[in-house]
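First the structure, in the form of structure tokens, and then the observations on it.
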Amino acid sequence: TRYLNRLKQDDDVCAEALQRAQILLFHRLSPLLQQTERGTFRAVALTSSEVLALLERLGSDRTKLKESVLIGCSEQDQVQFCLDVGKNSAFPPAGSGELDPVAVEEACDGAFVDLKKGLFVLRTSEAPLLAKAQALLRWHHTSRFCAATGQPTCRNQAGTQRVSSSGSVLLPSAQMSPVAIVLVSDGQRCLLARQPAFPPGMYSALAGFCELGESLEETASREVAEEVGLEVHSVSYSCSQHWPFPHSSFMLGCHALVSPAHTQLHVDQAELEDARWFSLQDVTSALQVRGLPQRGHAPPLWLPPKQAIANRLITEWAEHQRGSQKGG
Ligand SMILES: NC(=O)C1=CN([C@@H]2O[C@H](COP(=O)(O)OP(=O)(O)OC[C@H]3O[C@@H](n4cnc5c(N)ncnc54)[C@H](O)[C@@H]3O)[C@@H](O)[C@H]2O)C=CC1
Ligand SMILES: [Mg+2]
């Protein structure tokens with residue numbers, strides 16, 4: 001942790017670490033993935049020398065390597081960076097050219113995959129790192145200018161901040177919005193909803209952005225009231241997650257109860273396509289579905305992937321229900 005912190009603060013130490021680092025490639029925010037023998041997918045990690053060789057082979061400038069952004073450290077203590085080989089105007093002077101994505105895919109025996117789809121097939125342990133990498137790359141792309149003065153900004157070598165010529169410092173976490181995500185239960189069933197943009201058949205927990213001045217409990221109660229017209233009680237915090245889509249959100253996961261006498265839904269059609277109560281049996285079968293449903297074989301209920309906090313809240317609820325059924 002301390003070493004990583006030094007890399008964030010010292011450009012020279014960071015540039016030196018980059019020469020020995022592991023680099024995850026992206027193309028226009030889609031990570032480069034490779035299928036494993038077990039049929040799952042993993043991120044392709046290259047060494048700096050491999051990236052330099054690739055840049056040379058595909059006719060790009062070697063300095064593109066310096067556009068890499070620090071993302072963390074592996075369990076084997078190897079420093080990890082990410083690099084978007086697509087067009088990227090976030091890196092002055094004008095950003096270097098774009099590599100041909102197909103040529104990169106062929107050279108690395110992988111494919112650039114939309115991360116939202118990738119979450120269904122990735123090794124669970126890699127998902128948060130790729131989500132963080134994508135969010136940081138997107139942040140650089142959208143933070144080229146200072147919102148207060150309009151001046152261009154320049155990044156530090158780690159890519160953990162950008163500074164304008166007047167000295168304003170921009171930080172990625174300042175662009176992260178807190179969101180309450182709440183799994184509502186009436187004691188027997190849980191409430192799941194779908195937005196029009198969800199893949200067919202997919203339902204998730206209710207979620208909404210925190211407004212200024214609200215506590216997590218207040219956001220959760222307001223969102224449930226706005227979206228389905230129910231009054232919740234006993235909002236309890238469970239767990240949190242960074243979520244990169246469509247912009248970084250800090251998801252605060254909680255459970256809440258409604259009285260079994262007041263479960264009639266009044267769905268806000270502007271926000272949701274549908275909301276329904278699901279039984280433990282519905283949820284148990286849906287939790288067993290793995291990967292992406294085959295075309296034309298959509299299951300009756302399809303849940304967000306394991307990597308999404310909604311899946312964790314639903315799993316917790318199902319375990320709690322099974323526990324109380326046994327106990328009671
Ligand atoms: N990881 C997970 O399991 C899940 C993540 N989510 C994420 O939660 C987030 C919030 O869920 P929604 O139901 O869409 O929120 P929502 O119910 O607050 O509605 C979205 C609307 O809120 C407004 N809004 C207020 N503050 C905003 C901000 N800081 N950024 C963007 N829009 C803001 C916009 O008008 C937007 O159209 C989404 O980004 C979604 O991707 C949602 C469900 C599951
Ligand atoms: Mg919502």
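Each chain in the structure tokens gets a letter, A, B, ..., in the order shown, and its residues are numbered from 1; ligands are numbered from 1 in order too.
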Against ligand 2, which residues of chain A fall within 9 Å? For each one I want the closest pair of atoms and the distance in Å (one decimal), counting only C-alpha atoms and all ligand atoms, rows by chain and increasing residue number, as a tab-separated table.
residue	atom	partner	partner_atom_place_in_ligand_line	distance
A:Ile181	CA	ligand 2	1 (Mg)	8.4
A:Gln195	CA	ligand 2	1 (Mg)	8.1
A:Ala205	CA	ligand 2	1 (Mg)	8.9
A:Leu206	CA	ligand 2	1 (Mg)	5.7
A:Ala207	CA	ligand 2	1 (Mg)	4.3
A:Gly208	CA	ligand 2	1 (Mg)	4.3
A:Phe209	CA	ligand 2	1 (Mg)	7.5
A:Glu223	CA	ligand 2	1 (Mg)	6.8
A:Val224	CA	ligand 2	1 (Mg)	8.5
A:Glu226	CA	ligand 2	1 (Mg)	8.8
A:Glu227	CA	ligand 2	1 (Mg)	6.9
A:Glu271	CA	ligand 2	1 (Mg)	6.6
A:Leu272	CA	ligand 2	1 (Mg)	7.6
Please, which residues in region 250-292 of chain A fall within 12 Å of region 311-319 of chain A when counting only C-alpha atoms, and what is the closest atom pair and distance in Å to one decimal for each, ordered by chain then residue number, as CSV?
residue,atom,partner,partner_atom,distance
A:Met251,CA,A:Leu313,CA,11.6
A:Leu252,CA,A:Leu313,CA,10.6
A:Gly253,CA,A:Leu313,CA,7.0
A:Cys254,CA,A:Leu313,CA,7.4
A:His255,CA,A:Leu313,CA,7.4
A:Ala256,CA,A:Trp317,CA,10.4
A:Leu257,CA,A:Trp317,CA,11.3
A:Phe278,CA,A:Ile314,CA,10.7
A:Ser279,CA,A:Ala318,CA,9.3
A:Leu280,CA,A:Ala318,CA,6.2
A:Gln281,CA,A:Ala318,CA,9.0
A:Asp282,CA,A:Ala318,CA,10.1
A:Val283,CA,A:Ala318,CA,7.2
A:Thr284,CA,A:Ala318,CA,7.0
A:Ser285,CA,A:Ala318,CA,10.8
A:Ala286,CA,A:Ile314,CA,10.2
A:Leu287,CA,A:Thr315,CA,7.5
A:Gln288,CA,A:Thr315,CA,10.6
A:Val289,CA,A:Asn311,CA,11.8
### Nearby residues, ligand 1, 6 Å, only C-alpha atoms and all ligand atoms, as a PyMOL selection string
chain A and resi 177+179+204+207-209+243+245-246+308-310
Atoms kept (N, CA and C atoms) for selection, written as a PDB file, in the first residue's frame:
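again-v9.pdb, freshly written:
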ATOM      1  N   SER A 177     -20.327   9.033  -7.928  1.00  0.00           N
ATOM      2  CA  SER A 177     -21.614   9.372  -7.294  1.00  0.00           C
ATOM      3  C   SER A 177     -22.060   8.262  -6.348  1.00  0.00           C
ATOM      4  N   VAL A 179     -24.629   5.859  -4.639  1.00  0.00           N
ATOM      5  CA  VAL A 179     -25.930   5.290  -5.042  1.00  0.00           C
ATOM      6  C   VAL A 179     -26.407   4.336  -3.947  1.00  0.00           C
ATOM      7  N   SER A 204     -33.374  -6.580 -11.300  1.00  0.00           N
ATOM      8  CA  SER A 204     -32.357  -6.264 -10.294  1.00  0.00           C
ATOM      9  C   SER A 204     -33.006  -5.562  -9.110  1.00  0.00           C
ATOM     10  N   ALA A 207     -32.452   0.893  -7.269  1.00  0.00           N
ATOM     11  CA  ALA A 207     -31.268   1.711  -6.990  1.00  0.00           C
ATOM     12  C   ALA A 207     -31.550   3.154  -7.351  1.00  0.00           C
ATOM     13  N   GLY A 208     -30.817   4.048  -6.714  1.00  0.00           N
ATOM     14  CA  GLY A 208     -30.967   5.461  -7.057  1.00  0.00           C
ATOM     15  C   GLY A 208     -29.846   6.298  -6.480  1.00  0.00           C
ATOM     16  N   PHE A 209     -29.539   7.387  -7.165  1.00  0.00           N
ATOM     17  CA  PHE A 209     -28.451   8.267  -6.744  1.00  0.00           C
ATOM     18  C   PHE A 209     -28.826   9.025  -5.475  1.00  0.00           C
ATOM     19  N   TRP A 243     -18.882   0.779  -9.052  1.00  0.00           N
ATOM     20  CA  TRP A 243     -19.539   0.293 -10.270  1.00  0.00           C
ATOM     21  C   TRP A 243     -19.202   1.266 -11.397  1.00  0.00           C
ATOM     22  N   PHE A 245     -20.295   1.672 -14.576  1.00  0.00           N
ATOM     23  CA  PHE A 245     -21.225   2.015 -15.668  1.00  0.00           C
ATOM     24  C   PHE A 245     -22.315   2.981 -15.206  1.00  0.00           C
ATOM     25  N   PRO A 246     -22.775   3.919 -15.964  1.00  0.00           N
ATOM     26  CA  PRO A 246     -22.086   4.436 -17.151  1.00  0.00           C
ATOM     27  C   PRO A 246     -20.957   5.374 -16.754  1.00  0.00           C
ATOM     28  N   ALA A 308     -21.834  -8.174  -9.617  1.00  0.00           N
ATOM     29  CA  ALA A 308     -22.641  -6.983  -9.306  1.00  0.00           C
ATOM     30  C   ALA A 308     -23.180  -7.094  -7.884  1.00  0.00           C
ATOM     31  N   ILE A 309     -23.213  -5.988  -7.186  1.00  0.00           N
ATOM     32  CA  ILE A 309     -23.641  -5.996  -5.786  1.00  0.00           C
ATOM     33  C   ILE A 309     -25.099  -6.446  -5.668  1.00  0.00           C
ATOM     34  N   ALA A 310     -25.898  -6.208  -6.721  1.00  0.00           N
ATOM     35  CA  ALA A 310     -27.296  -6.648  -6.679  1.00  0.00           C
ATOM     36  C   ALA A 310     -27.357  -8.164  -6.472  1.00  0.00           C
TER      37      ALA A 310
END
### Task
List every residue of region 205-268 of chain A that DSSP, applied to the backbone of this structure, places in strand (DSSP E or B), and write the result as a list of chain:residue names.
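Answer for region 205-268 of chain A restricted to strand (DSSP E or B) is A:Leu206, A:Ala207, A:Gly208, A:Phe209, A:His233, A:Ser234, A:Val235, A:Ser236, A:Tyr237, A:Ser238, A:Cys239, A:Ser240, A:Gln241, A:His242, A:Trp243, A:Ser249, A:Phe250, A:Met251, A:Leu252, A:Gly253, A:Cys254, A:His255, A:Ala256, A:Leu257.
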### Message
Env of region 65-72 of chain A: 7 Å cut, atoms = only C-alpha atoms, seq-sep filter 6 positions within chain, self excluded. Answer as a PyMOL selection string.
### Response
chain A and resi 52+79-83+91+133+158-159
File of the preceding selection, all heavy atoms, as a tab-separated table (two decimals), in the first residue's frame:
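Ended up saving to part08.tsv:
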chain	number	residue	atom	x	y	z
A	52	LEU	N	5.86	-2.72	-25.57
A	52	LEU	CA	6.74	-1.93	-26.45
A	52	LEU	C	6.93	-2.64	-27.79
A	52	LEU	O	6.89	-2.01	-28.85
A	52	LEU	CB	8.09	-1.70	-25.76
A	52	LEU	CG	8.05	-0.69	-24.61
A	52	LEU	CD1	9.39	-0.65	-23.87
A	52	LEU	CD2	7.69	0.71	-25.11
A	79	VAL	N	3.34	-4.63	-9.89
A	79	VAL	CA	2.56	-3.41	-10.10
A	79	VAL	C	1.77	-3.55	-11.41
A	79	VAL	O	2.27	-4.07	-12.40
A	79	VAL	CB	3.50	-2.18	-10.15
A	79	VAL	CG1	2.69	-0.90	-10.35
A	79	VAL	CG2	4.29	-2.09	-8.86
A	80	GLN	N	0.52	-3.09	-11.38
A	80	GLN	CA	-0.35	-3.25	-12.55
A	80	GLN	C	-0.81	-1.89	-13.08
A	80	GLN	O	-1.19	-1.01	-12.31
A	80	GLN	CB	-1.59	-4.07	-12.16
A	80	GLN	CG	-1.26	-5.50	-11.78
A	80	GLN	CD	-2.39	-6.16	-11.02
A	80	GLN	OE1	-2.87	-5.61	-10.03
A	80	GLN	NE2	-2.82	-7.31	-11.48
A	81	PHE	N	-0.75	-1.78	-14.40
A	81	PHE	CA	-1.22	-0.58	-15.09
A	81	PHE	C	-2.25	-1.00	-16.14
A	81	PHE	O	-2.34	-2.19	-16.48
A	81	PHE	CB	-0.07	0.12	-15.82
A	81	PHE	CG	0.90	0.85	-14.93
A	81	PHE	CD1	1.86	0.17	-14.20
A	81	PHE	CD2	0.86	2.24	-14.83
A	81	PHE	CE1	2.77	0.85	-13.39
A	81	PHE	CE2	1.77	2.93	-14.04
A	81	PHE	CZ	2.71	2.24	-13.31
A	82	CYS	N	-3.00	-0.02	-16.66
A	82	CYS	CA	-3.85	-0.30	-17.82
A	82	CYS	C	-3.51	0.72	-18.90
A	82	CYS	O	-3.04	1.82	-18.60
A	82	CYS	CB	-5.33	-0.23	-17.44
A	82	CYS	SG	-5.84	1.36	-16.79
A	83	LEU	N	-3.74	0.33	-20.14
A	83	LEU	CA	-3.42	1.20	-21.27
A	83	LEU	C	-4.50	1.05	-22.33
A	83	LEU	O	-4.82	-0.08	-22.74
A	83	LEU	CB	-2.05	0.80	-21.85
A	83	LEU	CG	-1.63	1.49	-23.15
A	83	LEU	CD1	-1.42	2.99	-22.92
A	83	LEU	CD2	-0.32	0.88	-23.69
A	91	PHE	N	-4.44	12.41	-23.53
A	91	PHE	CA	-3.03	12.44	-23.22
A	91	PHE	C	-2.29	13.39	-24.16
A	91	PHE	O	-2.09	13.08	-25.33
A	91	PHE	CB	-2.46	11.02	-23.29
A	91	PHE	CG	-3.14	10.14	-22.31
A	91	PHE	CD1	-4.14	9.27	-22.71
A	91	PHE	CD2	-2.85	10.22	-20.97
A	91	PHE	CE1	-4.81	8.49	-21.79
A	91	PHE	CE2	-3.53	9.44	-20.04
A	91	PHE	CZ	-4.50	8.57	-20.45
A	133	ALA	N	-10.06	-0.01	-13.72
A	133	ALA	CA	-9.26	0.45	-14.85
A	133	ALA	C	-10.13	1.19	-15.85
A	133	ALA	O	-9.79	2.29	-16.30
A	133	ALA	CB	-8.58	-0.76	-15.51
A	158	ALA	N	1.29	8.43	-12.63
A	158	ALA	CA	0.44	7.32	-12.18
A	158	ALA	C	-0.97	7.44	-12.77
A	158	ALA	O	-1.68	6.44	-12.88
A	158	ALA	CB	0.37	7.30	-10.65
A	159	GLY	N	-1.36	8.66	-13.13
A	159	GLY	CA	-2.72	8.85	-13.64
A	159	GLY	C	-3.73	8.92	-12.52
A	159	GLY	O	-4.93	8.69	-12.74
### Message
At a cut-off of 10 Å, using only C-alpha atoms, what residues contact Pro152 (chain A)? Leave out same-chain residues fewer than 2 positions from it and give the result as a list in words.
### Response
Ala90, Pro92, Ser143, Arg144, Phe145, Cys146, Ala147, Thr149, Gly150, Cys154, Arg162, Val163, Ser164, Ser165 and Ser166 of chain A
#### Entry: Which residue of A:Ala135, A:Val169, A:Leu230, A:Val85 approaches Leu191 (chain A) most closely, using only C-alpha atoms
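Checking each of A:Ala135, A:Val169, A:Leu230, A:Val85 against Leu191 (chain A), counting only C-alpha atoms, the winner is A:Leu230.
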### Message
Set the distance at 12 Å and use only C-alpha atoms: which residues neighbour Glu50 (chain A) once local chain neighbours fewer than 5 positions away are removed? I'd like the list as number ranges by chain.
### Response
A: 19-25, 44-45, 55-57, 62, 65, 104, 107-108
Generate the output file for the selected residues, C-alpha atoms, as a CSV table (one decimal), in the first residue's frame.
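out15.csv was written with the following content:
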chain,number,residue,atom,x,y,z
A,19,GLN,CA,9.1,-0.6,-17.0
A,20,ARG,CA,8.7,-3.7,-14.8
A,21,ALA,CA,4.9,-3.7,-14.6
A,22,GLN,CA,2.1,-5.9,-15.8
A,23,ILE,CA,-0.2,-4.0,-18.3
A,24,LEU,CA,-3.8,-4.7,-19.1
A,25,LEU,CA,-4.8,-3.5,-22.5
A,44,VAL,CA,-4.6,-10.5,-20.9
A,45,ALA,CA,-1.7,-9.1,-18.9
A,55,LEU,CA,3.7,-0.8,-30.4
A,56,GLU,CA,6.7,-1.1,-32.6
A,57,ARG,CA,5.3,-4.0,-34.6
A,62,ARG,CA,6.9,3.7,-28.1
A,65,LEU,CA,3.4,3.2,-23.0
A,104,VAL,CA,-3.8,-6.4,-31.3
A,107,ALA,CA,-1.1,-10.6,-31.7
A,108,CYS,CA,-2.3,-11.3,-28.2
Give me the residues within 7 Å of Gln157 (chain A) as a compact mmCIF listing (two decimals) with all heavy atoms, in the first residue's frame, counting only C-alpha atoms and dropping any in the same chain fewer than 5 places off.
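And here is the file that came out, around-v5.txt:
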# COMPACT_ATOMS: atom_id res chain seq x y z
N ASP A 11 6.59 10.88 -9.80
CA ASP A 11 6.52 10.52 -11.22
C ASP A 11 7.72 9.68 -11.67
O ASP A 11 7.57 8.76 -12.49
CB ASP A 11 6.46 11.79 -12.09
CG ASP A 11 5.07 12.43 -12.08
OD1 ASP A 11 4.16 11.83 -11.47
OD2 ASP A 11 4.91 13.51 -12.67
N CYS A 14 7.42 6.18 -10.42
CA CYS A 14 6.32 5.54 -11.12
C CYS A 14 6.74 5.14 -12.55
O CYS A 14 6.43 4.04 -13.02
CB CYS A 14 5.13 6.48 -11.16
SG CYS A 14 3.66 5.71 -11.83
N ALA A 15 7.48 6.04 -13.23
CA ALA A 15 7.94 5.74 -14.60
C ALA A 15 8.87 4.52 -14.57
O ALA A 15 8.83 3.68 -15.48
CB ALA A 15 8.65 6.95 -15.18
### Task
Assign secondary structure with DSSP using the backbone only, and return the residues of region 28-171 of chain A in helix (DSSP H, G or I) as a VMD selection string.
chain A and resid 48 to 57 62 to 67 101 to 108 115 to 118 124 to 142
Save the residues we just selected, N, CA and C atoms, as a tab-separated table (two decimals), in the first residue's frame?
chain	number	residue	atom	x	y	z
A	48	SER	N	5.83	-4.80	-19.84
A	48	SER	CA	6.10	-3.55	-20.57
A	48	SER	C	6.86	-3.83	-21.86
A	49	SER	N	7.81	-4.78	-21.80
A	49	SER	CA	8.59	-5.08	-23.02
A	49	SER	C	7.67	-5.63	-24.10
A	50	GLU	N	6.70	-6.45	-23.69
A	50	GLU	CA	5.76	-6.99	-24.68
A	50	GLU	C	4.93	-5.87	-25.31
A	51	VAL	N	4.53	-4.91	-24.46
A	51	VAL	CA	3.74	-3.79	-24.99
A	51	VAL	C	4.59	-2.96	-25.96
A	52	LEU	N	5.86	-2.72	-25.57
A	52	LEU	CA	6.74	-1.93	-26.45
A	52	LEU	C	6.93	-2.64	-27.79
A	53	ALA	N	7.13	-3.97	-27.73
A	53	ALA	CA	7.32	-4.74	-28.96
A	53	ALA	C	6.07	-4.65	-29.84
A	54	LEU	N	4.90	-4.70	-29.18
A	54	LEU	CA	3.62	-4.63	-29.91
A	54	LEU	C	3.47	-3.25	-30.57
A	55	LEU	N	3.81	-2.20	-29.82
A	55	LEU	CA	3.69	-0.84	-30.36
A	55	LEU	C	4.58	-0.69	-31.59
A	56	GLU	N	5.81	-1.22	-31.49
A	56	GLU	CA	6.73	-1.11	-32.63
A	56	GLU	C	6.20	-1.89	-33.83
A	57	ARG	N	5.75	-3.11	-33.53
A	57	ARG	CA	5.27	-3.97	-34.62
A	57	ARG	C	4.08	-3.35	-35.35
A	62	ARG	N	6.62	4.40	-29.32
A	62	ARG	CA	6.90	3.70	-28.05
A	62	ARG	C	6.45	4.52	-26.83
A	63	THR	N	6.37	5.85	-27.01
A	63	THR	CA	6.01	6.69	-25.85
A	63	THR	C	4.56	6.46	-25.41
A	64	LYS	N	3.79	5.77	-26.26
A	64	LYS	CA	2.40	5.48	-25.88
A	64	LYS	C	2.34	4.71	-24.55
A	65	LEU	N	3.40	3.93	-24.30
A	65	LEU	CA	3.43	3.17	-23.03
A	65	LEU	C	3.20	4.10	-21.83
A	66	LYS	N	3.72	5.35	-21.95
A	66	LYS	CA	3.61	6.28	-20.81
A	66	LYS	C	2.18	6.75	-20.57
A	67	GLU	N	1.27	6.43	-21.49
A	67	GLU	CA	-0.15	6.77	-21.27
A	67	GLU	C	-0.79	5.80	-20.27
A	101	PRO	N	-7.35	-2.50	-33.59
A	101	PRO	CA	-7.76	-3.45	-32.55
A	101	PRO	C	-7.66	-4.91	-33.01
A	102	VAL	N	-7.96	-5.16	-34.28
A	102	VAL	CA	-7.93	-6.54	-34.77
A	102	VAL	C	-6.49	-7.06	-34.75
A	103	ALA	N	-5.55	-6.19	-35.12
A	103	ALA	CA	-4.14	-6.60	-35.12
A	103	ALA	C	-3.69	-6.91	-33.69
A	104	VAL	N	-4.15	-6.11	-32.72
A	104	VAL	CA	-3.78	-6.36	-31.32
A	104	VAL	C	-4.39	-7.68	-30.86
A	105	GLU	N	-5.65	-7.90	-31.21
A	105	GLU	CA	-6.34	-9.14	-30.81
A	105	GLU	C	-5.59	-10.36	-31.36
A	106	GLU	N	-5.18	-10.26	-32.62
A	106	GLU	CA	-4.47	-11.39	-33.23
A	106	GLU	C	-3.12	-11.61	-32.55
A	107	ALA	N	-2.40	-10.50	-32.32
A	107	ALA	CA	-1.06	-10.61	-31.73
A	107	ALA	C	-1.12	-11.18	-30.31
A	108	CYS	N	-2.22	-10.90	-29.59
A	108	CYS	CA	-2.29	-11.28	-28.17
A	108	CYS	C	-3.21	-12.48	-27.95
A	115	LEU	N	-17.15	-4.50	-21.40
A	115	LEU	CA	-16.97	-4.94	-20.01
A	115	LEU	C	-18.28	-5.38	-19.36
A	116	LYS	N	-19.39	-4.76	-19.72
A	116	LYS	CA	-20.67	-5.13	-19.12
A	116	LYS	C	-20.97	-6.61	-19.43
A	117	LYS	N	-20.67	-7.02	-20.66
A	117	LYS	CA	-20.88	-8.43	-21.02
A	117	LYS	C	-19.79	-9.27	-20.36
A	118	GLY	N	-18.59	-8.73	-20.33
A	118	GLY	CA	-17.45	-9.44	-19.75
A	118	GLY	C	-17.70	-9.86	-18.30
A	124	THR	N	-14.09	-14.02	-11.19
A	124	THR	CA	-14.64	-13.04	-10.25
A	124	THR	C	-13.57	-12.11	-9.71
A	125	SER	N	-12.36	-12.65	-9.44
A	125	SER	CA	-11.34	-11.84	-8.79
A	125	SER	C	-10.84	-10.71	-9.70
A	126	GLU	N	-10.98	-10.85	-11.01
A	126	GLU	CA	-10.44	-9.83	-11.91
A	126	GLU	C	-11.43	-8.69	-12.18
A	127	ALA	N	-12.71	-8.95	-11.93
A	127	ALA	CA	-13.73	-7.97	-12.31
A	127	ALA	C	-13.52	-6.60	-11.66
A	128	PRO	N	-13.26	-6.52	-10.34
A	128	PRO	CA	-13.11	-5.19	-9.75
A	128	PRO	C	-11.92	-4.42	-10.33
A	129	LEU	N	-10.84	-5.12	-10.66
A	129	LEU	CA	-9.66	-4.45	-11.21
A	129	LEU	C	-9.97	-3.86	-12.60
A	130	LEU	N	-10.67	-4.64	-13.41
A	130	LEU	CA	-11.02	-4.15	-14.75
A	130	LEU	C	-12.04	-3.01	-14.66
A	131	ALA	N	-12.95	-3.11	-13.70
A	131	ALA	CA	-13.94	-2.03	-13.51
A	131	ALA	C	-13.22	-0.75	-13.12
A	132	LYS	N	-12.25	-0.89	-12.22
A	132	LYS	CA	-11.49	0.29	-11.78
A	132	LYS	C	-10.70	0.88	-12.95
A	133	ALA	N	-10.06	-0.01	-13.72
A	133	ALA	CA	-9.26	0.45	-14.85
A	133	ALA	C	-10.13	1.19	-15.85
A	134	GLN	N	-11.28	0.62	-16.17
A	134	GLN	CA	-12.16	1.27	-17.15
A	134	GLN	C	-12.61	2.64	-16.64
A	135	ALA	N	-12.96	2.68	-15.35
A	135	ALA	CA	-13.45	3.95	-14.78
A	135	ALA	C	-12.34	5.01	-14.83
A	136	LEU	N	-11.10	4.61	-14.53
A	136	LEU	CA	-10.00	5.59	-14.56
A	136	LEU	C	-9.73	6.07	-15.97
A	137	LEU	N	-9.74	5.14	-16.93
A	137	LEU	CA	-9.50	5.53	-18.33
A	137	LEU	C	-10.60	6.49	-18.80
A	138	ARG	N	-11.83	6.19	-18.41
A	138	ARG	CA	-12.95	7.06	-18.81
A	138	ARG	C	-12.80	8.44	-18.16
A	139	TRP	N	-12.40	8.43	-16.89
A	139	TRP	CA	-12.23	9.69	-16.16
A	139	TRP	C	-11.19	10.58	-16.87
A	140	HIS	N	-10.07	9.99	-17.29
A	140	HIS	CA	-9.06	10.80	-17.99
A	140	HIS	C	-9.65	11.40	-19.25
A	141	HIS	N	-10.44	10.58	-19.93
A	141	HIS	CA	-11.00	11.03	-21.20
A	141	HIS	C	-11.97	12.21	-21.00
A	142	THR	N	-12.68	12.20	-19.87
A	142	THR	CA	-13.69	13.25	-19.67
A	142	THR	C	-13.18	14.38	-18.77
### Query
Any idea what the distance is between CA of Thr36 (chain A) and CA of Leu122 (chain A)?
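Taking CA of Thr36 (chain A) and CA of Leu122 (chain A), their separation equals 10.0 Å.
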### Query
Quick one: residues within 12 Å of Gln269 (chain A), only C-alpha atoms counted, chain neighbours fewer than 5 positions away excluded, as a PyMOL selection string?
chain A and resi 193-196+226-229+274-275
Quick one: write out the picked residues with all heavy atoms as a compact mmCIF listing (two decimals), in the first residue's frame?
# COMPACT_ATOMS: atom_id res chain seq x y z
N ALA A 193 -36.82 -5.27 -10.00
CA ALA A 193 -37.39 -4.43 -11.05
C ALA A 193 -36.49 -4.44 -12.27
O ALA A 193 -35.32 -4.81 -12.18
CB ALA A 193 -37.53 -3.00 -10.54
N ARG A 194 -37.06 -4.06 -13.41
CA ARG A 194 -36.21 -3.93 -14.59
C ARG A 194 -36.39 -2.57 -15.26
O ARG A 194 -37.49 -2.03 -15.31
CB ARG A 194 -36.40 -5.08 -15.58
CG ARG A 194 -37.80 -5.35 -16.09
CD ARG A 194 -37.77 -6.41 -17.20
NE ARG A 194 -37.37 -5.82 -18.45
CZ ARG A 194 -36.20 -6.05 -19.07
NH1 ARG A 194 -35.33 -6.90 -18.58
NH2 ARG A 194 -35.91 -5.45 -20.20
N GLN A 195 -35.25 -2.05 -15.74
CA GLN A 195 -35.27 -0.81 -16.52
C GLN A 195 -35.33 -1.22 -17.99
O GLN A 195 -34.86 -2.31 -18.34
CB GLN A 195 -33.98 -0.02 -16.26
CG GLN A 195 -33.84 0.41 -14.81
CD GLN A 195 -32.59 1.26 -14.55
OE1 GLN A 195 -31.90 1.67 -15.48
NE2 GLN A 195 -32.32 1.52 -13.29
N PRO A 196 -35.87 -0.34 -18.85
CA PRO A 196 -35.99 -0.71 -20.27
C PRO A 196 -34.65 -1.10 -20.89
O PRO A 196 -34.61 -1.91 -21.81
CB PRO A 196 -36.53 0.57 -20.92
CG PRO A 196 -37.09 1.38 -19.80
CD PRO A 196 -36.41 0.99 -18.55
N GLU A 226 -40.41 6.55 -4.60
CA GLU A 226 -40.55 7.13 -5.94
C GLU A 226 -40.80 6.06 -7.00
O GLU A 226 -41.63 6.22 -7.88
CB GLU A 226 -39.27 7.87 -6.34
CG GLU A 226 -39.11 9.23 -5.69
CD GLU A 226 -37.79 9.92 -6.08
OE1 GLU A 226 -37.01 9.37 -6.91
OE2 GLU A 226 -37.53 10.98 -5.53
N GLU A 227 -40.05 4.97 -6.92
CA GLU A 227 -40.06 4.01 -8.04
C GLU A 227 -41.20 2.99 -7.96
O GLU A 227 -41.70 2.56 -8.98
CB GLU A 227 -38.70 3.30 -8.14
CG GLU A 227 -37.60 4.30 -8.48
CD GLU A 227 -36.25 3.71 -8.81
OE1 GLU A 227 -36.10 2.47 -8.72
OE2 GLU A 227 -35.33 4.47 -9.15
N VAL A 228 -41.61 2.60 -6.73
CA VAL A 228 -42.70 1.61 -6.63
C VAL A 228 -43.80 1.99 -5.63
O VAL A 228 -44.74 1.22 -5.42
CB VAL A 228 -42.16 0.19 -6.29
CG1 VAL A 228 -41.32 -0.36 -7.42
CG2 VAL A 228 -41.38 0.21 -4.99
N GLY A 229 -43.67 3.17 -5.02
CA GLY A 229 -44.74 3.66 -4.15
C GLY A 229 -44.89 2.91 -2.84
O GLY A 229 -45.99 2.86 -2.28
N ASP A 274 -40.83 -2.59 -15.35
CA ASP A 274 -41.64 -3.53 -14.56
C ASP A 274 -41.01 -3.70 -13.18
O ASP A 274 -39.79 -3.55 -13.03
CB ASP A 274 -41.69 -4.88 -15.30
CG ASP A 274 -42.65 -5.87 -14.66
OD1 ASP A 274 -43.62 -5.42 -14.01
OD2 ASP A 274 -42.43 -7.09 -14.79
N ALA A 275 -41.83 -4.02 -12.19
CA ALA A 275 -41.32 -4.39 -10.87
C ALA A 275 -42.25 -5.48 -10.36
O ALA A 275 -43.47 -5.41 -10.58
CB ALA A 275 -41.34 -3.20 -9.93
#### Entry: Nearest candidate to Cys210 (chain A) (options A:Leu4, A:Phe250, A:Ser74, A:Arg295; using only C-alpha atoms)
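Under the stated criterion, the closest residue is A:Phe250.
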### Message
Considering only C-alpha atoms, can you say which of A:Gln321, A:Ser60, A:Ser215, A:Ser238 comes closest to Cys190 (chain A)?
### Response
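So, comparing all the options, the nearest one is A:Gln321.
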